[in-house]
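The data block below is model19.csv; it holds CSV, C-alpha atoms.
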chain,number,residue,atom,x,y,z
A,1,MET,CA,123.1,-15.1,-98.5
A,2,ALA,CA,125.8,-15.6,-95.8
A,3,ASN,CA,128.5,-13.8,-97.8
A,4,GLN,CA,126.7,-10.5,-97.4
A,5,SER,CA,125.4,-8.3,-94.6
A,6,GLY,CA,123.5,-5.3,-95.9
A,7,SER,CA,125.7,-3.7,-98.5
A,8,VAL,CA,129.0,-5.3,-97.2
A,9,TYR,CA,130.4,-8.5,-98.8
A,10,GLY,CA,132.4,-10.9,-96.6
A,11,LEU,CA,134.8,-12.7,-98.9
A,12,THR,CA,136.7,-15.8,-97.7
A,13,ILE,CA,139.3,-17.3,-100.1
A,14,LEU,CA,141.6,-20.3,-99.4
A,15,SER,CA,144.3,-20.5,-102.1
A,16,PRO,CA,146.5,-23.6,-101.9
A,17,ILE,CA,150.1,-22.6,-101.8
A,18,ALA,CA,152.3,-24.3,-104.4
A,19,ARG,CA,154.6,-27.1,-103.0
A,20,SER,CA,158.2,-26.3,-103.1
A,21,ALA,CA,160.6,-28.5,-105.0
A,22,HIS,CA,163.2,-30.2,-102.7
A,23,GLY,CA,165.9,-27.7,-101.8
A,24,SER,CA,164.2,-24.7,-103.4
A,25,GLU,CA,162.7,-21.6,-101.8
A,26,SER,CA,159.6,-22.2,-99.7
A,27,HIS,CA,156.6,-20.6,-101.4
A,28,SER,CA,154.9,-19.9,-98.0
A,29,LEU,CA,158.0,-18.1,-96.8
A,30,ALA,CA,158.2,-16.2,-100.0
A,31,ILE,CA,154.5,-15.1,-99.5
A,32,ARG,CA,155.3,-14.0,-95.9
A,33,GLN,CA,158.3,-12.0,-97.0
A,34,CYS,CA,156.3,-10.3,-99.7
A,35,LEU,CA,153.5,-9.5,-97.2
A,36,GLU,CA,156.0,-8.1,-94.8
A,37,LYS,CA,157.0,-5.5,-97.3
A,38,LEU,CA,153.5,-4.5,-98.4
A,39,PRO,CA,152.5,-1.0,-97.1
A,40,ARG,CA,149.5,-0.9,-94.8
A,41,GLY,CA,148.4,2.7,-94.7
A,42,ALA,CA,147.4,5.1,-97.6
A,43,ASP,CA,149.9,3.3,-99.9
A,44,SER,CA,148.3,-0.1,-99.3
A,45,PRO,CA,147.0,-1.9,-102.5
A,46,PHE,CA,143.7,-2.2,-100.7
A,47,ALA,CA,143.5,1.6,-100.2
A,48,LYS,CA,143.7,1.8,-104.0
A,49,VAL,CA,140.9,-0.7,-104.3
A,50,SER,CA,138.9,1.8,-102.3
A,51,SER,CA,135.8,-0.2,-101.6
A,52,THR,CA,137.8,-2.3,-99.1
A,53,HIS,CA,136.8,-1.7,-95.4
A,54,MET,CA,139.2,-4.2,-94.0
A,55,ALA,CA,141.2,-7.1,-95.4
A,56,ARG,CA,143.8,-9.6,-94.3
A,57,LEU,CA,146.2,-12.1,-95.8
A,58,VAL,CA,147.2,-15.1,-93.7
A,59,VAL,CA,149.3,-18.1,-94.4
A,60,MET,CA,147.7,-21.1,-92.7
A,61,ASP,CA,150.4,-23.7,-92.3
A,62,ASP,CA,148.2,-26.5,-90.9
A,63,VAL,CA,145.1,-27.3,-88.9
A,64,VAL,CA,145.4,-27.4,-85.1
A,65,TYR,CA,145.4,-30.5,-82.9
A,66,PHE,CA,143.9,-30.0,-79.5
A,67,GLY,CA,145.0,-33.3,-78.0
A,68,ARG,CA,143.4,-36.6,-77.1
A,69,PRO,CA,140.8,-38.0,-77.5
A,70,SER,CA,140.5,-36.1,-80.8
A,71,ARG,CA,142.6,-37.5,-83.7
A,72,GLU,CA,145.7,-35.8,-84.9
A,73,GLU,CA,145.6,-34.9,-88.6
A,74,HIS,CA,147.4,-32.6,-91.0
A,75,LEU,CA,146.8,-30.6,-94.2
A,76,ARG,CA,148.8,-31.7,-97.2
A,77,SER,CA,149.0,-28.2,-98.6
A,78,LYS,CA,149.4,-24.8,-96.9
A,79,TYR,CA,146.8,-22.3,-97.7
A,80,LEU,CA,146.8,-18.5,-98.3
A,81,ILE,CA,143.7,-17.1,-96.6
A,82,PHE,CA,142.3,-13.9,-98.1
A,83,GLU,CA,139.6,-12.3,-95.9
A,84,SER,CA,138.0,-9.1,-97.1
A,85,ASN,CA,135.1,-6.9,-96.2
A,86,PHE,CA,134.1,-4.6,-99.0
A,87,ASP,CA,131.2,-2.7,-100.6
A,88,GLY,CA,129.3,-4.1,-103.5
A,89,ASP,CA,129.4,-7.3,-105.5
A,90,LEU,CA,132.2,-9.9,-105.8
A,91,ASP,CA,133.0,-9.8,-109.6
A,92,PRO,CA,133.6,-6.1,-109.8
A,93,TYR,CA,135.8,-6.3,-106.7
A,94,LEU,CA,137.9,-9.1,-108.0
A,95,ARG,CA,138.2,-7.2,-111.3
A,96,ARG,CA,139.4,-4.1,-109.5
A,97,LEU,CA,142.1,-6.2,-107.8
A,98,ALA,CA,143.3,-7.6,-111.1
A,99,VAL,CA,143.2,-4.3,-112.9
A,100,GLU,CA,144.2,-1.7,-110.3
A,101,VAL,CA,146.8,-3.5,-108.2
A,102,PRO,CA,148.1,-6.3,-110.6
A,103,GLN,CA,151.7,-6.2,-109.4
A,104,GLU,CA,150.9,-6.7,-105.8
A,105,VAL,CA,148.3,-9.4,-106.5
A,106,HIS,CA,150.8,-11.2,-108.8
A,107,ALA,CA,153.6,-10.9,-106.2
A,108,VAL,CA,151.5,-12.8,-103.7
A,109,TRP,CA,149.4,-15.2,-105.6
A,110,ARG,CA,152.2,-16.4,-108.0
A,111,HIS,CA,153.2,-18.7,-105.2
A,112,CYS,CA,149.8,-20.4,-105.3
A,113,GLU,CA,148.6,-23.6,-107.0
A,114,GLY,CA,146.7,-23.1,-110.2
A,115,TYR,CA,147.1,-19.3,-110.3
A,116,PRO,CA,146.6,-18.1,-113.9
A,117,GLY,CA,148.1,-14.6,-113.6
A,118,VAL,CA,146.2,-11.3,-113.8
A,119,GLU,CA,146.6,-10.5,-117.5
A,120,ASN,CA,143.5,-12.5,-118.3
A,121,VAL,CA,141.1,-10.9,-115.8
A,122,ASP,CA,138.3,-13.3,-116.4
A,123,ALA,CA,140.6,-16.3,-115.8
A,124,PHE,CA,141.7,-14.6,-112.6
A,125,ILE,CA,138.1,-14.1,-111.4
A,126,ARG,CA,137.3,-17.7,-112.2
A,127,TYR,CA,140.4,-18.8,-110.2
A,128,MET,CA,139.5,-16.8,-107.2
A,129,LYS,CA,136.0,-18.1,-107.2
A,130,ARG,CA,137.3,-21.7,-107.3
A,131,CYS,CA,139.2,-20.8,-104.1
A,132,GLN,CA,136.2,-19.1,-102.4
A,133,VAL,CA,134.6,-20.7,-99.4
A,134,GLU,CA,131.1,-19.7,-98.5
A,135,THR,CA,131.0,-17.7,-95.3
A,136,THR,CA,128.7,-19.5,-92.9
A,137,PHE,CA,127.8,-16.5,-90.7
A,138,PHE,CA,128.8,-12.9,-91.4
A,139,PHE,CA,128.5,-10.1,-88.9
A,140,ALA,CA,129.0,-6.4,-89.9
A,141,ASP,CA,128.2,-3.9,-87.2
A,142,VAL,CA,127.7,-1.0,-89.6
A,143,ASN,CA,126.4,-2.6,-92.9
A,144,ASP,CA,124.7,0.2,-94.7
A,145,LYS,CA,127.6,2.7,-95.2
A,146,THR,CA,130.3,2.6,-97.8
A,147,VAL,CA,134.0,3.1,-97.1
A,148,GLN,CA,133.8,6.6,-98.5
A,149,GLN,CA,130.7,7.5,-96.5
A,150,THR,CA,132.4,6.3,-93.3
A,151,LEU,CA,135.7,8.2,-94.1
A,152,GLN,CA,133.6,11.3,-94.9
A,153,ALA,CA,131.7,10.9,-91.6
A,154,LEU,CA,134.9,10.6,-89.6
A,155,GLN,CA,136.3,13.6,-91.3
A,156,THR,CA,133.1,15.5,-90.6
A,157,GLN,CA,133.0,14.5,-87.0
A,158,SER,CA,136.5,15.7,-86.4
A,159,ALA,CA,135.9,19.0,-88.3
A,160,VAL,CA,132.6,19.7,-86.4
A,161,THR,CA,134.3,19.2,-83.1
A,162,ALA,CA,137.0,21.7,-84.0
A,163,PHE,CA,134.3,24.1,-85.3
A,164,ILE,CA,132.4,24.0,-82.1
A,165,GLU,CA,135.5,24.6,-80.0
A,166,LYS,CA,136.5,27.5,-82.2
A,167,ASN,CA,133.2,29.3,-82.3
A,168,GLN,CA,132.1,29.1,-78.6
A,169,GLY,CA,130.3,32.2,-77.3
A,170,LYS,CA,130.2,34.0,-80.7
A,171,PRO,CA,127.1,36.2,-81.4
A,172,ALA,CA,124.4,34.6,-83.5
A,173,GLU,CA,125.1,36.5,-86.8
A,174,GLU,CA,128.8,35.8,-86.6
A,175,LEU,CA,128.2,32.1,-85.8
A,176,GLN,CA,125.8,31.8,-88.7
A,177,ARG,CA,128.4,33.3,-91.1
A,178,ALA,CA,131.1,31.0,-89.8
A,179,PHE,CA,128.8,28.0,-90.2
A,180,VAL,CA,127.9,28.8,-93.8
A,181,LYS,CA,131.6,29.1,-94.6
A,182,PHE,CA,132.3,25.9,-92.7
A,183,ILE,CA,129.7,23.9,-94.6
A,184,ASP,CA,131.1,25.3,-97.9
A,185,SER,CA,134.6,24.1,-96.9
A,186,LEU,CA,133.3,20.7,-96.0
A,187,GLN,CA,131.5,20.3,-99.3
A,188,SER,CA,134.5,21.4,-101.3
A,189,ALA,CA,137.1,19.4,-99.4
A,190,PRO,CA,138.8,16.6,-101.4
A,191,PRO,CA,137.5,13.1,-100.7
A,192,PRO,CA,139.2,11.6,-97.6
A,193,VAL,CA,142.0,9.1,-98.2
A,194,PRO,CA,141.7,5.7,-96.7
A,195,GLY,CA,144.3,4.8,-94.0
A,196,ILE,CA,145.0,8.2,-92.5
A,197,VAL,CA,143.5,10.6,-90.0
A,198,GLN,CA,142.1,13.9,-91.2
A,199,GLY,CA,139.4,16.5,-90.7
A,200,ARG,CA,140.1,19.1,-88.0
A,201,GLU,CA,141.9,21.4,-90.5
A,202,LEU,CA,138.6,22.0,-92.3
A,203,ALA,CA,137.3,24.1,-89.4
A,204,ASP,CA,140.3,26.5,-89.8
A,205,GLU,CA,139.6,27.3,-93.4
B,1,MET,CA,155.1,3.5,-95.4
B,2,ALA,CA,156.5,4.8,-92.2
B,3,GLU,CA,153.8,2.8,-90.4
B,4,LYS,CA,155.6,-0.3,-91.5
B,5,GLN,CA,158.4,0.1,-89.0
B,6,GLY,CA,158.0,-2.3,-86.1
B,7,VAL,CA,154.3,-3.0,-86.5
B,8,MET,CA,152.6,-6.1,-85.2
B,9,SER,CA,150.9,-7.8,-88.1
B,10,ASN,CA,147.7,-8.7,-86.1
B,11,ILE,CA,147.2,-5.0,-85.3
B,12,ASN,CA,146.6,-2.0,-87.4
B,13,GLY,CA,145.8,1.2,-85.5
B,14,LYS,CA,142.9,0.4,-83.1
B,15,GLN,CA,142.0,-2.8,-85.0
B,16,TYR,CA,143.0,-6.3,-84.1
B,17,ALA,CA,142.7,-9.1,-86.7
B,18,MET,CA,142.1,-12.5,-85.1
B,19,ASN,CA,142.1,-15.9,-86.8
B,20,ALA,CA,141.2,-19.1,-85.0
B,21,ILE,CA,140.5,-22.7,-86.1
B,22,SER,CA,138.9,-25.7,-84.4
B,23,PRO,CA,138.0,-29.2,-85.6
B,24,MET,CA,134.5,-30.6,-85.5
B,25,LYS,CA,133.1,-34.0,-86.2
B,26,PRO,CA,131.3,-33.8,-89.5
B,27,TRP,CA,127.9,-34.8,-88.2
B,28,LYS,CA,128.0,-31.9,-85.7
B,29,THR,CA,128.6,-29.2,-88.4
B,30,TRP,CA,125.0,-29.6,-89.6
B,31,ILE,CA,123.8,-28.6,-86.1
B,32,LEU,CA,126.0,-25.6,-86.1
B,33,ARG,CA,124.9,-24.6,-89.6
B,34,ALA,CA,121.3,-24.8,-88.4
B,35,PHE,CA,122.2,-22.5,-85.5
B,36,PHE,CA,123.8,-20.0,-87.8
B,37,PHE,CA,120.8,-20.2,-90.1
B,38,PHE,CA,118.6,-19.3,-87.1
B,39,LEU,CA,120.9,-16.4,-86.1
B,40,GLY,CA,120.8,-15.1,-89.7
B,41,HIS,CA,117.0,-15.1,-89.8
B,42,PHE,CA,116.4,-13.8,-86.3
B,43,PRO,CA,118.9,-11.0,-85.9
B,44,SER,CA,117.5,-10.1,-82.4
B,45,ALA,CA,119.2,-13.3,-81.2
B,46,GLY,CA,122.5,-11.7,-81.9
B,47,ARG,CA,121.7,-8.5,-80.1
B,48,ASP,CA,124.4,-8.9,-77.5
B,49,LEU,CA,127.0,-9.0,-80.3
B,50,VAL,CA,125.7,-5.6,-81.6
B,51,ASN,CA,125.5,-4.2,-78.1
B,52,LEU,CA,129.1,-5.0,-77.3
B,53,SER,CA,129.9,-2.6,-80.1
B,54,PHE,CA,133.6,-3.3,-80.5
B,55,ILE,CA,133.5,-5.6,-83.5
B,56,HIS,CA,133.6,-4.0,-87.0
B,57,PHE,CA,133.3,-7.3,-88.9
B,58,ALA,CA,133.4,-11.0,-87.8
B,59,ARG,CA,132.7,-14.3,-89.5
B,60,TRP,CA,132.5,-18.0,-88.9
B,61,VAL,CA,133.3,-20.2,-91.9
B,62,ILE,CA,132.7,-24.0,-91.8
B,63,VAL,CA,135.0,-25.8,-94.1
B,64,ARG,CA,134.0,-29.3,-94.8
B,65,ARG,CA,136.7,-31.9,-94.7
B,66,ASN,CA,136.5,-32.4,-98.5
B,67,GLN,CA,136.1,-28.7,-99.3
B,68,PHE,CA,139.7,-27.4,-99.0
B,69,PRO,CA,140.3,-26.2,-102.6
B,70,ARG,CA,142.3,-28.5,-104.8
B,71,LEU,CA,143.3,-26.8,-108.0
B,72,SER,CA,145.5,-29.2,-109.9
B,73,GLU,CA,146.4,-32.9,-110.2
B,74,HIS,CA,149.8,-32.4,-108.6
B,75,GLN,CA,148.3,-30.8,-105.5
B,76,PRO,CA,148.0,-33.8,-103.1
B,77,PRO,CA,144.4,-34.3,-102.0
B,78,ASP,CA,143.7,-33.7,-98.3
B,79,ASN,CA,142.4,-36.7,-96.4
B,80,LEU,CA,140.7,-35.3,-93.3
B,81,ARG,CA,138.4,-36.8,-90.7
B,82,TYR,CA,137.2,-33.5,-89.3
B,83,ASP,CA,135.4,-30.5,-90.7
B,84,TYR,CA,136.9,-27.2,-89.5
B,85,LEU,CA,135.4,-24.0,-88.0
B,86,LEU,CA,137.3,-20.9,-89.0
B,87,PHE,CA,136.7,-17.7,-87.1
B,88,PHE,CA,137.9,-14.2,-88.2
B,89,SER,CA,137.3,-11.1,-86.3
B,90,ASN,CA,138.1,-7.4,-86.7
B,91,PHE,CA,137.7,-5.8,-83.2
B,92,ASN,CA,138.9,-2.8,-81.2
B,93,GLY,CA,141.1,-3.1,-78.2
B,94,THR,CA,143.4,-5.8,-77.0
B,95,TRP,CA,143.2,-9.6,-77.2
B,96,ASN,CA,142.7,-9.9,-73.5
B,97,GLN,CA,139.9,-7.3,-73.4
B,98,TYR,CA,138.2,-9.0,-76.3
B,99,ILE,CA,138.2,-12.5,-74.9
B,100,ASP,CA,137.3,-11.2,-71.4
B,101,ALA,CA,134.2,-9.4,-72.8
B,102,PHE,CA,133.3,-12.3,-74.9
B,103,SER,CA,133.4,-14.6,-72.0
B,104,ALA,CA,131.6,-12.3,-69.6
B,105,VAL,CA,128.8,-11.1,-71.9
B,106,LEU,CA,128.4,-13.8,-74.6
B,107,SER,CA,129.3,-17.0,-73.0
B,108,ARG,CA,126.0,-18.8,-73.7
B,109,GLY,CA,126.1,-17.7,-77.4
B,110,LEU,CA,129.8,-18.8,-77.7
B,111,ASP,CA,129.0,-22.1,-76.1
B,112,ALA,CA,126.3,-22.6,-78.7
B,113,ILE,CA,128.8,-22.0,-81.5
B,114,TRP,CA,132.0,-23.7,-80.2
B,115,CYS,CA,130.5,-26.6,-78.1
B,116,TRP,CA,130.5,-28.6,-81.3
B,117,SER,CA,134.3,-28.3,-81.6
B,118,GLU,CA,136.6,-30.9,-80.2
B,119,LYS,CA,137.7,-30.4,-76.6
B,120,PHE,CA,136.0,-27.0,-76.3
B,121,PRO,CA,136.0,-26.2,-72.5
B,122,GLY,CA,133.2,-23.6,-72.5
B,123,ALA,CA,133.4,-19.9,-72.7
B,124,ALA,CA,133.4,-19.5,-68.9
B,125,PRO,CA,135.4,-19.6,-66.8
B,126,VAL,CA,137.7,-17.5,-68.9
B,127,THR,CA,141.1,-19.1,-68.2
B,128,PRO,CA,140.5,-22.4,-70.1
B,129,PHE,CA,138.6,-20.5,-72.7
B,130,LYS,CA,141.6,-18.3,-73.4
B,131,GLU,CA,143.9,-21.3,-73.5
B,132,TYR,CA,141.7,-22.9,-76.1
B,133,ILE,CA,141.5,-19.8,-78.3
B,134,ALA,CA,145.2,-19.2,-78.0
B,135,GLN,CA,145.9,-22.8,-79.0
B,136,GLY,CA,143.7,-22.5,-82.1
B,137,GLN,CA,144.8,-19.0,-83.1
B,138,PHE,CA,147.2,-18.3,-86.0
B,139,GLU,CA,148.9,-15.1,-86.8
B,140,THR,CA,147.8,-12.5,-89.4
B,141,ASP,CA,150.6,-11.9,-91.9
B,142,TYR,CA,149.1,-8.7,-93.4
B,143,TYR,CA,146.3,-6.5,-92.1
B,144,TYR,CA,144.7,-3.5,-93.8
B,145,THR,CA,141.9,-1.2,-92.5
B,146,ALA,CA,140.6,1.9,-94.3
B,147,TYR,CA,140.0,3.6,-90.9
B,148,PRO,CA,142.7,2.4,-88.6
B,149,HIS,CA,142.2,5.0,-85.9
B,150,ALA,CA,138.4,4.6,-85.5
B,151,THR,CA,136.7,2.2,-83.2
B,152,THR,CA,133.2,0.8,-84.0
B,153,ASN,CA,131.7,3.4,-81.6
B,154,ASP,CA,133.7,6.2,-83.4
B,155,VAL,CA,132.2,5.1,-86.7
B,156,LYS,CA,128.6,5.0,-85.4
B,157,ALA,CA,129.1,8.4,-83.7
B,158,ALA,CA,130.5,9.9,-86.8
B,159,HIS,CA,127.5,8.9,-88.9
B,160,ARG,CA,125.2,10.3,-86.2
B,161,VAL,CA,127.0,13.7,-86.3
B,162,THR,CA,127.0,13.8,-90.1
B,163,ALA,CA,123.2,13.2,-90.1
B,164,ALA,CA,122.6,15.9,-87.5
B,165,LEU,CA,124.9,18.3,-89.4
B,166,GLU,CA,123.0,17.7,-92.6
B,167,ALA,CA,119.8,18.6,-90.8
B,168,LEU,CA,121.3,21.7,-89.3
B,169,ALA,CA,122.7,22.8,-92.7
B,170,GLN,CA,119.1,23.0,-93.9
B,171,GLN,CA,118.6,25.8,-91.3
B,172,ARG,CA,121.5,28.0,-92.3
B,173,GLY,CA,119.3,30.3,-94.5
B,174,LYS,CA,117.0,31.3,-91.6
B,175,THR,CA,117.3,34.4,-89.4
B,176,ALA,CA,120.4,34.5,-87.1
B,177,ALA,CA,118.2,34.0,-84.0
B,178,GLU,CA,116.4,31.0,-85.5
B,179,PHE,CA,119.7,29.5,-86.6
B,180,GLU,CA,121.3,30.0,-83.2
B,181,LYS,CA,118.4,28.1,-81.6
B,182,ALA,CA,118.8,25.2,-84.1
B,183,TYR,CA,122.6,25.3,-83.5
B,184,ARG,CA,122.1,24.9,-79.7
B,185,GLN,CA,119.7,22.0,-80.3
B,186,PHE,CA,122.3,20.5,-82.6
B,187,LEU,CA,125.0,20.8,-79.9
B,188,VAL,CA,122.8,19.0,-77.4
B,189,SER,CA,122.0,16.2,-79.8
B,190,VAL,CA,125.6,15.5,-80.8
B,191,GLN,CA,127.5,16.3,-77.6
B,192,GLY,CA,128.0,12.6,-76.8
B,193,ASP,CA,129.3,11.9,-80.2
B,194,LEU,CA,132.0,14.6,-80.6
B,195,GLY,CA,135.7,14.0,-80.7
B,196,ALA,CA,138.4,13.1,-83.1
B,197,THR,CA,140.0,9.8,-83.9
B,198,GLY,CA,143.7,9.2,-83.3
B,199,GLU,CA,146.3,6.8,-82.0
B,200,ALA,CA,145.2,4.3,-79.4
B,201,PRO,CA,147.0,3.8,-76.1
B,202,VAL,CA,149.4,0.9,-76.1
B,203,GLY,CA,147.8,-2.2,-74.5
B,204,THR,CA,148.6,-5.8,-74.0
The structure in this file should be written as structure tokens.
Amino acid sequence: MANQSGSVYGLTILSPIARSAHGSESHSLAIRQCLEKLPRGADSPFAKVSSTHMARLVVMDDVVYFGRPSREEHLRSKYLIFESNFDGDLDPYLRRLAVEVPQEVHAVWRHCEGYPGVENVDAFIRYMKRCQVETTFFFADVNDKTVQQTLQALQTQSAVTAFIEKNQGKPAEELQRAFVKFIDSLQSAPPPVPGIVQGRELADE
Amino acid sequence: MAEKQGVMSNINGKQYAMNAISPMKPWKTWILRAFFFFLGHFPSAGRDLVNLSFIHFARWVIVRRNQFPRLSEHQPPDNLRYDYLLFFSNFNGTWNQYIDAFSAVLSRGLDAIWCWSEKFPGAAPVTPFKEYIAQGQFETDYYYTAYPHATTNDVKAAHRVTAALEALAQQRGKTAAEFEKAYRQFLVSVQGDLGATGEAPVGT
């Protein structure tokens, strides 16, 4: 199935943006203004939906004309593109969006045609699936690790580097004691938070 | 939240989110679909893409001319002559580095994908290729990544270090001399994968 590579799902959604009544606020502009204010680091709504590796939201105003001899044509609606790369299956992911970050989802998608709101989660899932376009070819370089496994690995890599620096030239027994303590601190460390850099401090504990 | 000040929306940390679109005559999209089917079933054909190792995730999406979602009666139906090829990539580095590497290493593969698009000039030489991509590119309005400061190689190296550390941790109950020997072997095995992730240098 082209939407999946290993354990990673490649979701592509094209939501038609509602047409603005003459003289009223442009919905596409309202979406862009909303996205401009959305936090991108640890406070991002996608950090809360923690199975998200990477995601983007894009307003597509029109198709592109490359010049003659091709024919010029235009879309009659603008589209909100939602591209996400996440762990697991589609339905649980869409449910998490509706349940865990309903305000942010509503603030963006309320400008789209046919959007039913997030109160009725099943209706929201059906709506998103109507907007889904099958990914024709999906490439994921690392496709067998979850977000948490990757964050944990990055934290471990950083901590190991610091541990090695700190314990150069130590006698075997002292090195072994430090290593046991280090492994304990790694295992008891809180789970890493998406969107920030962390790890070296674990070698100092 | 502090990260929000003055950011470029295509870039988050070391990642760049690229979007591009190109029109295709509908009869040609079936050929491209067949090519992607082949790529999906013979992964070795895409080895160059893996070896480049600077793309976390990428996708090509063919949207047929009658496939743009229409969700209500008062949404005007689109009346298009062309199907469209959408391309989305999450890569490390700058736009110029990305297109240069694509053109230099993958030009045959890219030609096989984009030659079905209207007015595609070929992936090499690079100058017309860049002009074509730039013309079809549109901006990302919001971009999130769970590990903004890690490149694809960082992620792979981190998983190798973690696997090696788990193996070493099994040795921690042995005698101090045996442990020291295992520790030295561990150092040799991970020395190329050590480091810490952080801010990227500013590029163009």
Excluding Pro116 in chain A and any residue of its chain fewer than 6 positions from it, enumerate the residues within 8 Å of it, using only C-alpha atoms, and give them as a tab-separated table (two decimals) with C-alpha atoms, in the coordinates of the input.
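So the final result, stored in around11.tsv, reads:
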chain	number	residue	atom	x	y	z
A	123	ALA	CA	140.60	-16.30	-115.80
A	124	PHE	CA	141.70	-14.60	-112.60
A	127	TYR	CA	140.40	-18.80	-110.20
Residues at most 10 Å from Glu180 in chain B, counting only C-alpha atoms, excluding those fewer than 5 positions away in the same chain, as a ChimeraX atom specification?
/A:171-173,175-176 /B:171-172,174-175,185-186
So, counting only C-alpha atoms, which residue among B:Ala34, B:Ala104, B:Met24, B:Ala124 is closest to Val63 in chain B?
B:Met24
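Reported to one decimal place, the separation of CA of Arg160 in chain B from CA of Leu194 in chain B is 9.8 Å.
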Exercise: Thr12 in chain A partners within 7 Å, all atoms listed in the file, chain neighbours under 2 positions left out, as a PyMOL selection string
chain A and resi 10+14+82-84+132-135
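The two atoms in question, CA of Ser50 in chain A and CA of Asp144 in chain A, are spaced 16.2 Å apart.
Between Arg19 in chain A and the residues A:Asn167, A:Gln149, A:Ser188, A:Ser77, the shortest atom-to-atom distance, using only C-alpha atoms, involves A:Ser77.
The interatomic distance for the pair CA of Phe139 in chain A and CA of Ala112 in chain B works out to 16.3 Å.
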Need the shell around Asn143 in chain A: protein/DNA/RNA residues with any atom at most 8 Å away, counting all atoms listed in the file. Skip same-chain ones fewer than 6 positions apart. Format as a PyMOL selection string?
chain A and resi 5-8
Write to file, as a compact mmCIF listing (two decimals), in the frame of the given file, the residues of the selection just made, with C-alpha atoms.
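Wrote part_13.txt, looks like this:
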# COMPACT_ATOMS: atom_id res chain seq x y z
CA SER A 5 125.40 -8.30 -94.60
CA GLY A 6 123.50 -5.30 -95.90
CA SER A 7 125.70 -3.70 -98.50
CA VAL A 8 129.00 -5.30 -97.20
Please provide the set of residues having any atom within 8 Å of range 13-19 of chain B, restricted to all atoms listed in the file, with same-chain residues fewer than 2 positions apart removed, written as a tab-separated table (two decimals) with C-alpha atoms, keeping the file's coordinate frame.
chain	number	residue	atom	x	y	z
A	56	ARG	CA	143.80	-9.60	-94.30
B	10	ASN	CA	147.70	-8.70	-86.10
B	11	ILE	CA	147.20	-5.00	-85.30
B	21	ILE	CA	140.50	-22.70	-86.10
B	86	LEU	CA	137.30	-20.90	-89.00
B	87	PHE	CA	136.70	-17.70	-87.10
B	88	PHE	CA	137.90	-14.20	-88.20
B	89	SER	CA	137.30	-11.10	-86.30
B	90	ASN	CA	138.10	-7.40	-86.70
B	91	PHE	CA	137.70	-5.80	-83.20
B	92	ASN	CA	138.90	-2.80	-81.20
B	93	GLY	CA	141.10	-3.10	-78.20
B	94	THR	CA	143.40	-5.80	-77.00
B	95	TRP	CA	143.20	-9.60	-77.20
B	137	GLN	CA	144.80	-19.00	-83.10
B	138	PHE	CA	147.20	-18.30	-86.00
B	139	GLU	CA	148.90	-15.10	-86.80
B	140	THR	CA	147.80	-12.50	-89.40
B	143	TYR	CA	146.30	-6.50	-92.10
B	145	THR	CA	141.90	-1.20	-92.50
B	148	PRO	CA	142.70	2.40	-88.60
B	149	HIS	CA	142.20	5.00	-85.90
B	150	ALA	CA	138.40	4.60	-85.50
B	151	THR	CA	136.70	2.20	-83.20
B	199	GLU	CA	146.30	6.80	-82.00
B	200	ALA	CA	145.20	4.30	-79.40
List every protein, DNA or RNA residue that has an atom no more than 8 Å from (140.8, -26.1, -93.4) in the file's coordinate frame, counting only C-alpha atoms, and report them as a list in words.
Asp62, Val63 and Leu75 of chain A; Val63, Arg64, Arg65, Gln67, Phe68, Asp83, Tyr84, Leu85 and Leu86 of chain B
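Shortest separation to Gln97 in chain B among B:Pro128, B:Gln170, B:Leu52, B:Phe120 occurs at residue B:Leu52, atoms counted being all atoms listed in the file.
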